[in-house]
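Student: This is structure.txt, which holds compact mmCIF, C-alpha atoms:
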```txt
# COMPACT_ATOMS: atom_id res chain seq x y z
CA MET A 1 74.53 13.03 -47.61
CA SER A 2 71.83 15.50 -46.58
CA LEU A 3 68.40 15.51 -48.16
CA LYS A 4 69.09 18.94 -49.72
CA ASN A 5 72.26 17.80 -51.53
CA LYS A 6 70.59 14.61 -52.65
CA PHE A 7 67.79 16.49 -54.47
CA THR A 8 69.95 19.34 -55.97
CA PRO A 9 69.93 17.96 -59.63
CA PHE A 10 66.21 17.65 -59.37
CA PHE A 11 65.84 21.31 -58.36
CA LEU A 12 67.93 22.44 -61.40
CA GLN A 13 65.78 20.46 -63.83
CA ALA A 14 62.63 21.75 -62.26
CA GLN A 15 63.84 25.35 -62.53
CA ALA A 16 64.41 24.94 -66.26
CA PHE A 17 61.08 23.27 -66.81
CA PHE A 18 58.95 25.79 -64.94
CA SER A 19 59.36 29.26 -66.42
CA SER A 20 56.60 31.19 -64.61
CA SER A 21 56.74 32.15 -60.92
CA ARG A 22 53.20 30.78 -60.41
CA ARG A 23 54.19 27.29 -61.55
CA ILE A 24 57.23 27.48 -59.28
CA ARG A 25 55.04 28.35 -56.25
CA VAL A 26 52.58 25.54 -56.95
CA PHE A 27 55.23 22.91 -57.51
CA SER A 28 57.18 24.04 -54.46
CA ALA A 29 54.15 23.61 -52.27
CA LEU A 30 53.51 20.09 -53.58
CA PHE A 31 57.18 19.14 -53.20
CA LEU A 32 57.48 20.43 -49.65
CA GLY A 33 54.38 18.48 -48.68
CA ALA A 34 55.85 15.30 -50.09
CA LEU A 35 59.16 16.03 -48.40
CA ALA A 36 57.42 16.49 -45.05
CA PHE A 37 55.54 13.22 -45.52
CA GLY A 38 58.76 11.38 -46.36
CA ALA A 39 60.56 12.88 -43.40
CA ALA A 40 57.73 11.86 -41.10
CA GLY A 41 58.02 8.30 -42.32
CA PHE A 42 61.60 8.08 -41.09
CA VAL A 43 60.92 9.24 -37.45
CA PRO A 44 62.44 6.61 -35.13
CA PRO A 45 59.97 4.70 -32.88
CA ALA A 46 59.58 5.52 -29.16
CA PRO A 47 61.57 3.36 -26.75
CA ASP A 48 59.91 0.21 -25.38
CA ALA A 49 58.63 0.78 -21.82
CA ALA A 50 60.03 -2.62 -20.86
CA ASP A 51 63.56 -1.34 -21.56
CA LEU A 52 63.24 1.70 -19.27
CA PRO A 53 65.09 1.56 -15.93
CA ILE A 54 62.99 0.71 -12.85
CA LYS A 55 63.15 3.03 -9.85
CA SER A 56 61.93 1.70 -6.49
CA ILE A 57 60.94 3.81 -3.48
CA LYS A 58 61.10 2.43 0.04
CA GLN A 59 59.58 4.24 3.02
CA GLU A 60 59.18 3.14 6.60
CA LEU A 61 55.68 3.82 8.03
CA THR A 62 55.08 4.29 11.72
CA LEU A 63 52.19 2.14 13.03
CA PRO A 64 49.67 3.82 15.39
CA ASP A 65 49.80 3.06 19.08
CA LEU A 66 46.73 0.85 19.45
CA SER A 67 47.31 0.27 23.15
CA ALA A 68 46.72 3.95 23.85
CA GLN A 69 43.45 3.88 21.90
CA ILE A 70 42.29 0.74 23.70
CA SER A 71 43.08 2.28 27.08
CA ALA A 72 41.12 5.39 26.16
CA LEU A 73 38.10 3.31 25.15
CA GLU A 74 38.25 1.26 28.34
CA GLY A 75 37.93 4.48 30.28
CA HIS A 76 34.51 5.17 28.73
CA GLU A 77 31.35 3.20 29.55
CA GLN A 78 29.98 1.35 26.51
CA SER A 79 26.32 1.59 25.47
CA PHE A 80 24.22 -0.55 23.17
CA ILE A 81 21.03 0.07 21.16
CA HIS A 82 18.47 -2.74 20.89
CA GLU A 83 15.25 -2.91 18.85
CA GLU A 84 12.40 -5.34 19.40
CA LYS A 85 8.84 -5.94 18.23
CA ILE A 86 6.17 -6.40 20.86
CA ARG A 87 4.83 -9.94 20.79
CA SER A 88 1.41 -11.24 21.66
CA GLY A 89 1.30 -11.97 25.39
CA ASP A 90 4.28 -9.76 26.21
CA THR A 91 4.50 -8.25 29.68
CA LEU A 92 6.66 -5.27 30.62
CA ALA A 93 9.15 -7.62 32.25
CA THR A 94 9.53 -9.89 29.20
CA LEU A 95 9.80 -6.92 26.85
CA LEU A 96 12.51 -5.19 28.91
CA ALA A 97 14.39 -8.49 29.23
CA ARG A 98 14.52 -8.91 25.42
CA LEU A 99 15.73 -5.32 25.11
CA GLY A 100 18.54 -6.15 27.58
CA VAL A 101 17.23 -3.75 30.25
CA ASP A 102 18.15 -4.84 33.80
CA ASP A 103 17.02 -1.74 35.63
CA ALA A 104 14.45 -1.92 38.45
CA ALA A 105 14.20 1.88 38.65
CA ALA A 106 13.27 2.09 34.97
CA SER A 107 10.66 -0.65 35.32
CA ASN A 108 9.05 1.10 38.31
CA PHE A 109 9.11 4.43 36.49
CA ILE A 110 7.27 3.01 33.45
CA LYS A 111 4.59 1.52 35.70
CA SER A 112 4.00 4.73 37.67
CA ASP A 113 4.56 7.63 35.26
CA PRO A 114 1.34 8.65 33.37
CA THR A 115 3.16 9.20 30.05
CA ALA A 116 5.51 6.21 30.26
CA HIS A 117 2.58 4.00 31.33
CA HIS A 118 1.38 3.92 27.71
CA LEU A 119 4.06 1.25 27.12
CA MET A 120 1.92 -1.14 29.13
CA GLN A 121 -0.82 -0.92 26.46
CA LEU A 122 1.16 -1.32 23.23
CA LYS A 123 -0.19 -3.76 20.65
CA ALA A 124 1.68 -6.70 19.17
CA GLY A 125 3.88 -5.79 16.23
CA LYS A 126 4.82 -2.32 17.52
CA ARG A 127 8.56 -1.50 17.31
CA ILE A 128 10.42 -0.28 20.38
CA GLN A 129 14.06 0.83 20.75
CA ALA A 130 16.24 1.21 23.84
CA GLN A 131 19.81 2.26 24.60
CA ILE A 132 21.39 0.58 27.61
CA THR A 133 24.78 0.47 29.28
CA GLU A 134 26.84 -2.71 29.41
CA ASP A 135 25.37 -3.28 32.89
CA GLY A 136 21.78 -3.10 31.57
CA GLU A 137 20.95 0.39 32.85
CA LEU A 138 18.40 2.17 30.64
CA GLN A 139 19.67 5.36 28.96
CA TRP A 140 16.64 6.00 26.74
CA LEU A 141 13.66 4.16 25.32
CA ARG A 142 11.39 5.27 22.49
CA THR A 143 8.33 4.07 20.60
CA SER A 144 5.19 5.45 18.99
CA ILE A 145 1.51 5.11 19.84
CA SER A 146 -1.36 4.97 17.35
CA GLU A 147 -4.97 5.06 18.52
CA GLY A 148 -6.70 5.02 15.15
CA ALA A 149 -6.39 6.26 11.59
CA ASP A 150 -8.16 9.52 12.44
CA LYS A 151 -5.86 10.38 15.36
CA PRO A 152 -2.23 11.59 15.20
CA ILE A 153 0.72 9.32 15.94
CA ARG A 154 2.43 10.18 19.24
CA ASN A 155 6.08 9.52 20.08
CA ILE A 156 6.94 8.43 23.62
CA LEU A 157 10.54 9.03 24.79
CA ILE A 158 11.94 7.99 28.17
CA GLN A 159 15.37 9.45 28.99
CA ARG A 160 17.76 9.20 31.93
CA ASN A 161 19.31 12.43 33.13
CA GLY A 162 21.76 11.55 35.86
CA GLU A 163 19.78 9.46 38.33
CA GLN A 164 16.39 10.77 37.16
CA LEU A 165 14.12 9.39 34.43
CA HIS A 166 11.79 11.60 32.42
CA ALA A 167 9.06 10.77 29.88
CA THR A 168 7.93 13.10 27.10
CA GLU A 169 5.19 12.82 24.49
CA THR A 170 5.28 14.59 21.12
CA ILE A 171 3.25 14.47 17.91
CA ALA A 172 5.13 12.45 15.30
CA GLN A 173 6.21 14.09 12.06
CA LEU A 174 5.47 11.36 9.53
CA GLU A 175 6.66 10.94 5.96
CA LYS A 176 3.77 10.27 3.59
CA ARG A 177 4.41 7.95 0.65
CA ILE A 178 2.20 6.87 -2.25
CA GLU A 179 2.63 3.18 -3.07
CA MET A 180 1.43 1.23 -6.11
CA ARG A 181 0.95 -2.54 -6.10
CA THR A 182 -0.54 -5.21 -8.32
CA GLY A 183 -1.74 -8.69 -7.43
CA MET A 184 -3.04 -11.84 -9.12
CA ILE A 185 -5.84 -14.02 -7.74
CA LYS A 186 -4.81 -17.66 -7.34
CA SER A 187 -6.97 -18.70 -4.39
CA SER A 188 -8.32 -15.73 -2.41
CA LEU A 189 -7.98 -11.96 -2.24
CA PHE A 190 -6.03 -11.96 1.02
CA ALA A 191 -3.63 -14.62 -0.28
CA ALA A 192 -3.01 -12.38 -3.31
CA THR A 193 -2.49 -9.25 -1.21
CA ASP A 194 -0.07 -11.13 1.06
CA ALA A 195 1.93 -12.26 -1.97
CA ALA A 196 2.02 -8.65 -3.24
CA GLN A 197 3.09 -7.38 0.23
CA ILE A 198 -0.07 -5.30 0.59
CA PRO A 199 -1.12 -4.68 4.22
CA ASP A 200 -4.35 -6.29 5.44
CA ALA A 201 -5.84 -2.87 6.20
CA ILE A 202 -5.52 -1.98 2.51
CA ALA A 203 -6.98 -5.33 1.44
CA SER A 204 -10.03 -4.67 3.63
CA GLN A 205 -10.49 -1.29 1.95
CA ILE A 206 -10.38 -2.97 -1.46
CA VAL A 207 -13.25 -5.22 -0.34
CA ASP A 208 -15.29 -2.28 0.92
CA MET A 209 -14.55 -0.20 -2.20
CA PHE A 210 -15.86 -2.80 -4.66
CA ALA A 211 -18.45 -4.49 -2.41
CA THR A 212 -21.39 -3.18 -4.45
CA ASN A 213 -19.98 -4.71 -7.66
CA ILE A 214 -18.06 -7.81 -6.59
CA ASP A 215 -18.93 -10.55 -4.12
CA PHE A 216 -15.44 -11.49 -2.97
CA ALA A 217 -16.63 -14.80 -1.62
CA SER A 218 -18.18 -16.15 -4.83
CA ASP A 219 -17.27 -13.91 -7.80
CA LEU A 220 -13.48 -14.20 -7.80
CA GLN A 221 -11.84 -16.39 -10.43
CA ARG A 222 -8.31 -17.66 -10.77
CA GLY A 223 -6.44 -15.25 -13.02
CA ASP A 224 -8.34 -12.14 -11.91
CA TYR A 225 -5.98 -9.33 -10.97
CA PHE A 226 -6.04 -5.93 -9.35
CA ASN A 227 -4.03 -2.72 -9.11
CA VAL A 228 -4.12 -0.43 -6.12
CA VAL A 229 -2.67 2.97 -5.18
CA TYR A 230 -2.60 3.77 -1.46
CA GLU A 231 -1.00 5.92 1.24
CA THR A 232 1.58 4.80 3.79
CA PHE A 233 3.11 6.80 6.64
CA TRP A 234 6.71 6.29 7.79
CA GLN A 235 8.92 7.41 10.64
CA ASN A 236 12.69 6.87 10.78
CA GLY A 237 12.49 4.45 7.86
CA ALA A 238 9.84 2.25 9.53
CA LEU A 239 6.22 1.85 8.44
CA VAL A 240 3.98 3.37 11.12
CA ARG A 241 0.55 2.91 9.56
CA THR A 242 -1.30 2.70 6.29
CA GLY A 243 -3.65 5.36 5.03
CA ARG A 244 -6.44 5.48 2.50
CA VAL A 245 -6.74 3.65 -0.80
CA LEU A 246 -6.53 6.46 -3.36
CA ALA A 247 -7.51 4.40 -6.40
CA GLY A 248 -8.24 0.81 -7.28
CA GLU A 249 -8.72 -1.29 -10.38
CA PHE A 250 -10.10 -4.83 -10.32
CA PHE A 251 -10.27 -7.15 -13.33
CA ASN A 252 -12.95 -9.73 -12.59
CA ALA A 253 -14.68 -12.17 -14.97
CA GLY A 254 -13.78 -10.18 -18.07
CA LYS A 255 -14.75 -6.79 -16.68
CA THR A 256 -12.62 -4.04 -15.19
CA TYR A 257 -13.96 -2.04 -12.27
CA GLN A 258 -12.18 1.19 -11.40
CA SER A 259 -12.47 3.67 -8.59
CA VAL A 260 -10.75 6.84 -7.43
CA TRP A 261 -11.06 8.68 -4.14
CA PHE A 262 -12.18 12.28 -4.53
CA GLU A 263 -12.45 14.78 -1.72
CA GLU A 264 -14.39 17.96 -2.43
CA ALA A 265 -13.27 20.75 -0.08
CA ALA A 266 -16.76 22.22 0.04
CA ASN A 267 -18.29 18.84 0.87
CA LEU A 268 -18.69 18.73 4.64
CA GLN A 269 -19.37 14.99 4.46
CA GLY A 270 -15.86 14.24 3.22
CA GLY A 271 -14.86 12.32 0.13
CA SER A 272 -16.12 9.26 -1.65
CA TYR A 273 -15.14 6.77 -4.36
CA TYR A 274 -16.14 7.41 -7.96
CA ASN A 275 -15.83 5.71 -11.31
CA PHE A 276 -13.49 7.45 -13.74
CA ASP A 277 -16.46 9.06 -15.50
CA GLY A 278 -17.49 10.87 -12.33
CA THR A 279 -20.39 8.60 -11.33
CA SER A 280 -20.51 7.33 -7.78
CA LEU A 281 -19.04 3.88 -7.23
CA LYS A 282 -21.31 3.36 -4.26
CA LYS A 283 -24.58 1.67 -5.14
CA ALA A 284 -27.61 1.82 -2.92
CA PHE A 285 -27.15 -1.81 -1.77
CA LEU A 286 -24.24 -4.16 -1.16
CA LYS A 287 -24.02 -7.23 -3.32
CA SER A 288 -23.62 -9.35 -0.20
CA PRO A 289 -24.31 -8.51 3.48
CA LEU A 290 -21.35 -10.75 4.45
CA ALA A 291 -17.81 -9.82 3.47
CA PHE A 292 -16.71 -13.44 2.94
CA SER A 293 -19.15 -16.34 2.60
CA ARG A 294 -20.66 -18.63 0.00
CA VAL A 295 -24.20 -18.97 -1.31
CA SER A 296 -25.62 -22.23 0.01
CA SER A 297 -29.13 -21.77 -1.38
CA GLY A 298 -30.29 -19.35 -4.06
CA PHE A 299 -33.54 -17.60 -4.91
CA SER A 300 -35.36 -20.57 -6.51
CA MET A 301 -37.63 -23.54 -5.98
CA ARG A 302 -36.18 -26.12 -3.60
CA VAL A 303 -37.00 -28.95 -1.19
CA HIS A 304 -37.16 -27.39 2.26
CA PRO A 305 -34.39 -28.97 4.41
CA ILE A 306 -36.71 -29.37 7.44
CA SER A 307 -40.26 -29.80 6.15
CA GLY A 308 -39.21 -31.76 3.07
CA GLN A 309 -41.76 -29.87 0.95
CA TRP A 310 -41.06 -28.47 -2.52
CA LYS A 311 -41.51 -24.69 -2.26
CA GLN A 312 -40.14 -21.33 -3.37
CA HIS A 313 -37.09 -20.11 -1.47
CA LYS A 314 -37.74 -16.37 -1.26
CA GLY A 315 -34.25 -15.31 -0.27
CA VAL A 316 -30.59 -16.20 -0.53
CA ASP A 317 -28.75 -18.23 2.11
CA PHE A 318 -25.12 -17.36 2.82
CA ALA A 319 -23.22 -20.11 4.64
CA ALA A 320 -20.75 -18.74 7.21
CA ALA A 321 -19.35 -19.56 10.63
CA THR A 322 -21.34 -18.66 13.72
CA GLY A 323 -20.41 -15.14 14.82
CA THR A 324 -19.60 -13.79 11.35
CA ALA A 325 -20.55 -10.12 11.21
CA ILE A 326 -23.65 -9.18 9.18
CA ARG A 327 -23.67 -5.77 7.49
CA ALA A 328 -26.61 -3.56 6.58
CA SER A 329 -26.76 -3.73 2.78
CA GLY A 330 -27.98 -0.13 2.53
CA ASP A 331 -28.85 3.03 4.43
CA GLY A 332 -32.14 2.84 6.28
CA THR A 333 -34.08 2.45 9.52
CA ILE A 334 -34.65 -0.68 11.60
CA ALA A 335 -38.31 -1.50 10.94
CA SER A 336 -38.47 -4.62 13.13
CA ILE A 337 -36.12 -6.65 15.33
CA GLY A 338 -36.76 -9.82 17.31
CA ASN A 339 -37.61 -13.51 17.01
CA GLN A 340 -39.76 -14.38 13.97
CA ARG A 341 -40.50 -18.10 14.45
CA GLY A 342 -38.88 -19.97 11.55
CA TYR A 343 -36.60 -17.05 10.74
CA GLY A 344 -35.27 -17.02 14.31
CA ASN A 345 -33.59 -13.78 15.33
CA MET A 346 -34.45 -11.44 12.48
CA ILE A 347 -34.02 -7.80 11.47
CA VAL A 348 -35.92 -5.93 8.74
CA ILE A 349 -34.51 -2.63 7.45
CA LYS A 350 -36.69 -0.07 5.63
CA HIS A 351 -34.70 1.77 2.96
CA TRP A 352 -35.61 4.71 0.75
CA GLY A 353 -38.48 4.36 -1.72
CA ASN A 354 -40.18 0.98 -1.51
CA PHE A 355 -37.03 -1.08 -0.82
CA SER A 356 -36.47 -3.18 2.30
CA THR A 357 -34.13 -6.01 3.34
CA ALA A 358 -34.49 -8.84 5.86
CA TYR A 359 -31.81 -10.80 7.76
CA GLY A 360 -32.70 -14.08 9.50
CA HIS A 361 -31.26 -16.88 11.69
CA MET A 362 -28.93 -14.48 13.59
CA SER A 363 -27.14 -15.73 16.67
CA ARG A 364 -27.44 -12.26 18.24
CA PHE A 365 -28.00 -8.62 17.42
CA ALA A 366 -25.28 -5.98 17.45
CA PRO A 367 -25.16 -3.71 20.53
CA GLY A 368 -27.27 -0.56 20.21
CA ILE A 369 -29.44 -1.90 17.39
CA ARG A 370 -33.15 -1.45 18.15
CA LYS A 371 -36.36 -0.62 16.34
CA GLY A 372 -36.15 2.88 14.86
CA SER A 373 -32.34 2.95 14.82
CA LYS A 374 -30.73 4.62 11.81
CA VAL A 375 -28.12 2.48 10.06
CA SER A 376 -25.70 3.20 7.22
CA GLN A 377 -24.54 0.86 4.50
CA GLY A 378 -21.89 -1.48 5.92
CA ASP A 379 -22.84 -1.02 9.60
CA ILE A 380 -22.73 -4.22 11.67
CA ILE A 381 -26.30 -5.12 12.68
CA GLY A 382 -25.83 -8.69 13.96
CA TYR A 383 -23.99 -11.99 13.70
CA VAL A 384 -24.53 -15.25 11.84
CA GLY A 385 -26.18 -18.08 13.74
CA SER A 386 -28.68 -20.92 13.38
CA SER A 387 -31.69 -19.67 15.32
CA GLY A 388 -35.19 -20.63 14.12
CA TRP A 389 -35.65 -23.37 11.53
CA ALA A 390 -32.07 -23.81 10.44
CA THR A 391 -29.97 -26.93 9.99
CA GLY A 392 -26.68 -25.05 10.40
CA PRO A 393 -25.19 -21.60 10.78
CA HIS A 394 -26.04 -19.31 7.87
CA LEU A 395 -27.69 -15.99 7.01
CA HIS A 396 -31.07 -15.92 5.29
CA TYR A 397 -31.15 -12.65 3.30
CA GLU A 398 -34.18 -11.21 1.53
CA PHE A 399 -34.34 -8.22 -0.81
CA ARG A 400 -37.88 -6.84 -1.03
CA VAL A 401 -39.54 -4.36 -3.39
CA ALA A 402 -42.95 -3.16 -2.13
CA ASP A 403 -42.73 -5.97 0.47
CA GLN A 404 -42.39 -8.61 -2.27
CA PRO A 405 -39.20 -10.75 -2.22
CA ARG A 406 -36.93 -10.36 -5.25
CA ASP A 407 -33.71 -12.08 -6.30
CA PRO A 408 -30.98 -9.69 -5.05
CA PHE A 409 -28.60 -10.88 -7.76
CA SER A 410 -30.94 -9.93 -10.61
CA VAL A 411 -32.37 -6.63 -9.34
CA VAL A 412 -30.86 -3.59 -11.06
CA VAL A 413 -29.50 -1.55 -8.15
CA PRO A 414 -29.31 2.24 -8.69
CA ASN A 415 -26.31 4.36 -7.70
CA ALA A 416 -26.52 6.04 -4.33
CA GLN A 417 -25.39 9.47 -5.54
CA PRO A 418 -25.95 11.50 -8.73
CA PRO A 419 -22.98 11.96 -11.12
CA MET A 420 -20.75 15.02 -10.79
CA ALA A 421 -20.99 17.97 -13.17
CA GLY A 422 -19.59 21.44 -13.81
CA ALA A 423 -16.59 22.75 -11.87
CA GLN A 424 -16.67 19.77 -9.52
CA LEU A 425 -16.29 17.40 -12.47
CA GLN A 426 -13.33 19.40 -13.81
CA ARG A 427 -11.51 19.16 -10.48
CA PHE A 428 -12.28 15.47 -10.33
CA ARG A 429 -10.84 14.85 -13.79
CA SER A 430 -7.44 16.24 -12.79
CA VAL A 431 -7.32 13.72 -9.93
CA ALA A 432 -8.60 10.88 -12.11
CA ASP A 433 -6.07 11.59 -14.88
CA GLU A 434 -3.18 11.16 -12.46
CA MET A 435 -4.56 7.79 -11.32
CA LYS A 436 -5.12 6.69 -14.93
CA HIS A 437 -1.43 7.32 -15.57
CA ARG A 438 -0.48 5.23 -12.52
CA PHE A 439 -2.74 2.39 -13.64
CA ALA A 440 -1.18 2.49 -17.12
CA LEU A 441 2.20 1.84 -15.47
CA LEU A 442 0.85 -1.09 -13.44
CA ARG A 443 -1.50 -2.70 -15.93
CA PRO A 444 -0.04 -5.72 -17.78
CA ASP A 445 -2.45 -5.28 -20.69
CA THR A 446 -3.24 -1.67 -21.61
CA ASN A 447 -5.92 -2.77 -24.08
CA ILE A 448 -8.35 -4.02 -21.43
CA LYS A 449 -11.82 -2.51 -21.81
CA VAL A 450 -13.49 -0.97 -18.80
CA ALA A 451 -16.87 -2.44 -17.92
CA ALA A 452 -19.90 -0.22 -18.44
CA LYS A 453 -21.34 0.78 -15.10
```
Kindly return the structure encoded in the file as structure tokens.
Tutor:
Amino acid sequence: MSLKNKFTPFFLQAQAFFSSSRRIRVFSALFLGALAFGAAGFVPPAPDAADLPIKSIKQELTLPDLSAQISALEGHEQSFIHEEKIRSGDTLATLLARLGVDDAAASNFIKSDPTAHHLMQLKAGKRIQAQITEDGELQWLRTSISEGADKPIRNILIQRNGEQLHATETIAQLEKRIEMRTGMIKSSLFAATDAAQIPDAIASQIVDMFATNIDFASDLQRGDYFNVVYETFWQNGALVRTGRVLAGEFFNAGKTYQSVWFEEAANLQGGSYYNFDGTSLKKAFLKSPLAFSRVSSGFSMRVHPISGQWKQHKGVDFAAATGTAIRASGDGTIASIGNQRGYGNMIVIKHWGNFSTAYGHMSRFAPGIRKGSKVSQGDIIGYVGSSGWATGPHLHYEFRVADQPRDPFSVVVPNAQPPMAGAQLQRFRSVADEMKHRFALLRPDTNIKVAAK
């Protein structure tokens, strides 16, 4: 029986019950909706996929003729590219042998050609690449030459064209990157920079940057940490050289020292490091004339190690190995140089105002240093020794005000430059704000207070 015939009596009763056309339209709409719902409930389910017939397709594939490809390859001479790092003590022969080059003509060409001859002077650690044939004949060889941070990197390329070899030199187009690193002091600064994969050249700049605030030989404590932002220069995915430290932050003994490099275009003397408030980071005198040493005797009363008498020690002794470089602690002029009896080989530097410094027990003086010579802060003036009345190698250092010795660790040292102001300060702040943002990303504790300078 169809659904229509089944519900016929129901339609007749409904027609009698509903007299108005409006009621008929409303009821009809409700009934048709219910009818549609009931009809939907009786839709048969879809067939089970497992019951569907399975159709298989079989096709024969033709394999490529590998013998023809192998024969074609055998008709071409194979070449290989090798890369090596120059090792300490390498000669041209040992270097070419490690590269797989067995080519007397190439070896003679490198020795005689003015451009190719630069390969004879490469330093250890430099990368060098070469393409050779399976018989060891050189196809090309390339490397780069760096003669200092202030000089451009040059690429050297040796190529074979037929039976002839040619060498060309071009200025390298380097990719500049800005890198950010952080390190934690556990034993020494250089151990921390090695663990953080920071190059030694950058670590040395960190020492120079904070030398007027931190004595890296005696002030560092376990748990101190630092953040640094610096430049690197790359070529073909390989690090060629490091650049300048752009900003640094050092947390030492509860204080945070910060610096940012700022280069004023109008300043013919170049840039300098500043605190984030625009004051110069450079103080008039270094905290220590030796980069790494320890204080063996302070500015105090002591028993003299030779005379045995109890007397005032009017300087600070820094113990260090013979030959350790001694730096001028400030800008000035060599007032005296020579042997001064108990002080041995000694230099006195006259600085601005009524300040002077003295350096005793040197093993020798630096070349070119003589009375009247102008020196700048950080210049090497001599080397640690044990001349005069000394029981071992060390530097006797005196800081004098109006020719009277003072304790260098207690004297308030002024800044070397006045703070910035005006338009220069505004330009500086834009640079400093960028570095503050970078430090915020590196710093483990953003609530650390910056030390008052």
Student: Work out how far atom CA of A:Ala104 is from atom CA of A:Glu147, in Å to one decimal.
Tutor: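 Between atom CA of A:Glu147 and atom CA of A:Ala104 the gap works out to 28.7 Å.
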Student: Excluding same-chain residues fewer than 5 positions from A:Gly353, what lies within 12 Å of it counting all atoms listed in the file, as a list in words?
Tutor: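 The residues satisfying every condition are Ala284, Asp331, Gly332, Arg400, Val401, Ala402, Asp403 and Pro414 of chain A.
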Student: Can you work out which one of A:Leu63, A:Ala203, A:Gln69, A:Arg142 has the shortest atom-to-atom distance to A:Ile128, counting only C-alpha atoms?
Tutor: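 Using only C-alpha atoms, the shortest distance to A:Ile128 belongs to A:Arg142.
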Student: Could you pull the residues within 6 Å of A:Ala172, counting only C-alpha atoms, minus those fewer than 2 positions along the same chain, as a ChimeraX atom specification?
Tutor: /A:153-155,174
Student: Got a sec: who's within 9 Å of A:Ile132, counting all atoms listed in the file, leaving out chain neighbours fewer than 6 positions off, as JSON, numbers by chain?
Tutor: {"A": [78, 79, 80, 81, 82, 99, 100, 101, 102, 138, 139, 140, 141]}
Student: Keeping only C-alpha atoms, take the residues you just selected and write them out as a short mmCIF file (atom, residue, chain, number, x, y, z; two decimals), in the frame of the given file.
Tutor:
```
data_model
loop_
_atom_site.label_atom_id
_atom_site.label_comp_id
_atom_site.auth_asym_id
_atom_site.auth_seq_id
_atom_site.Cartn_x
_atom_site.Cartn_y
_atom_site.Cartn_z
CA GLN A 78 29.98 1.35 26.51
CA SER A 79 26.32 1.59 25.47
CA PHE A 80 24.22 -0.55 23.17
CA ILE A 81 21.03 0.07 21.16
CA HIS A 82 18.47 -2.74 20.89
CA LEU A 99 15.73 -5.32 25.11
CA GLY A 100 18.54 -6.15 27.58
CA VAL A 101 17.23 -3.75 30.25
CA ASP A 102 18.15 -4.84 33.80
CA LEU A 138 18.40 2.17 30.64
CA GLN A 139 19.67 5.36 28.96
CA TRP A 140 16.64 6.00 26.74
CA LEU A 141 13.66 4.16 25.32
#
```
Student: Could you check the closest approach to A:Asp215 for each of A:Ser71, A:Thr143, A:Ser112, A:Ser288 and tell me which residue wins, using only C-alpha atoms?
Tutor: A:Ser288
Student: Have a look at A:Thr357, A:Thr170, A:Ser272, A:Thr333 and name the one nearest to A:Gly372; count only C-alpha atoms.
Tutor: A:Thr333
Student: Report as a tab-separated table (two decimals) with C-alpha atoms, in the coordinates of the input all protein, DNA and RNA residues lying within 8 Å of stretch 425-429 of chain A, evaluated on all atoms listed in the file, omitting residues in the same chain fewer than 4 positions from it.
Tutor:
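Written file, part03.tsv:
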```tsv
chain	number	residue	atom	x	y	z
A	262	PHE	CA	-12.18	12.28	-4.53
A	276	PHE	CA	-13.49	7.45	-13.74
A	278	GLY	CA	-17.49	10.87	-12.33
A	420	MET	CA	-20.75	15.02	-10.79
A	421	ALA	CA	-20.99	17.97	-13.17
A	433	ASP	CA	-6.07	11.59	-14.88
```
Student: Find the residues near A:Asp113: any atom within 12 Å, counting only C-alpha atoms, skip ones fewer than 5 places away on the same chain, and give them as a PyMOL selection string.
Tutor: chain A and resi 105-108+118-120+156+158+165-169
Student: Could you check how far atom CA of A:Arg241 sits from atom CA of A:Trp261, in Å to one decimal?
Tutor: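 Answer for the atom CA of A:Arg241 to atom CA of A:Trp261 separation: 18.9 Å.
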Student: Measuring atom to atom with all atoms listed in the file, identify which of A:Lys85, A:Tyr225, A:Asn161, A:Ala211 is nearest to A:Gly183.
Tutor: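 Among the listed residues, the smallest separation from A:Gly183 belongs to A:Tyr225.
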Student: Let me make sure I understand: among A:Leu220, A:Thr232, A:Ala247, A:Ser430, which one has the smallest atom-to-atom distance to A:Ile206 if we use all atoms listed in the file?
Tutor: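 For A:Ile206, the nearest of the candidates is A:Ala247.
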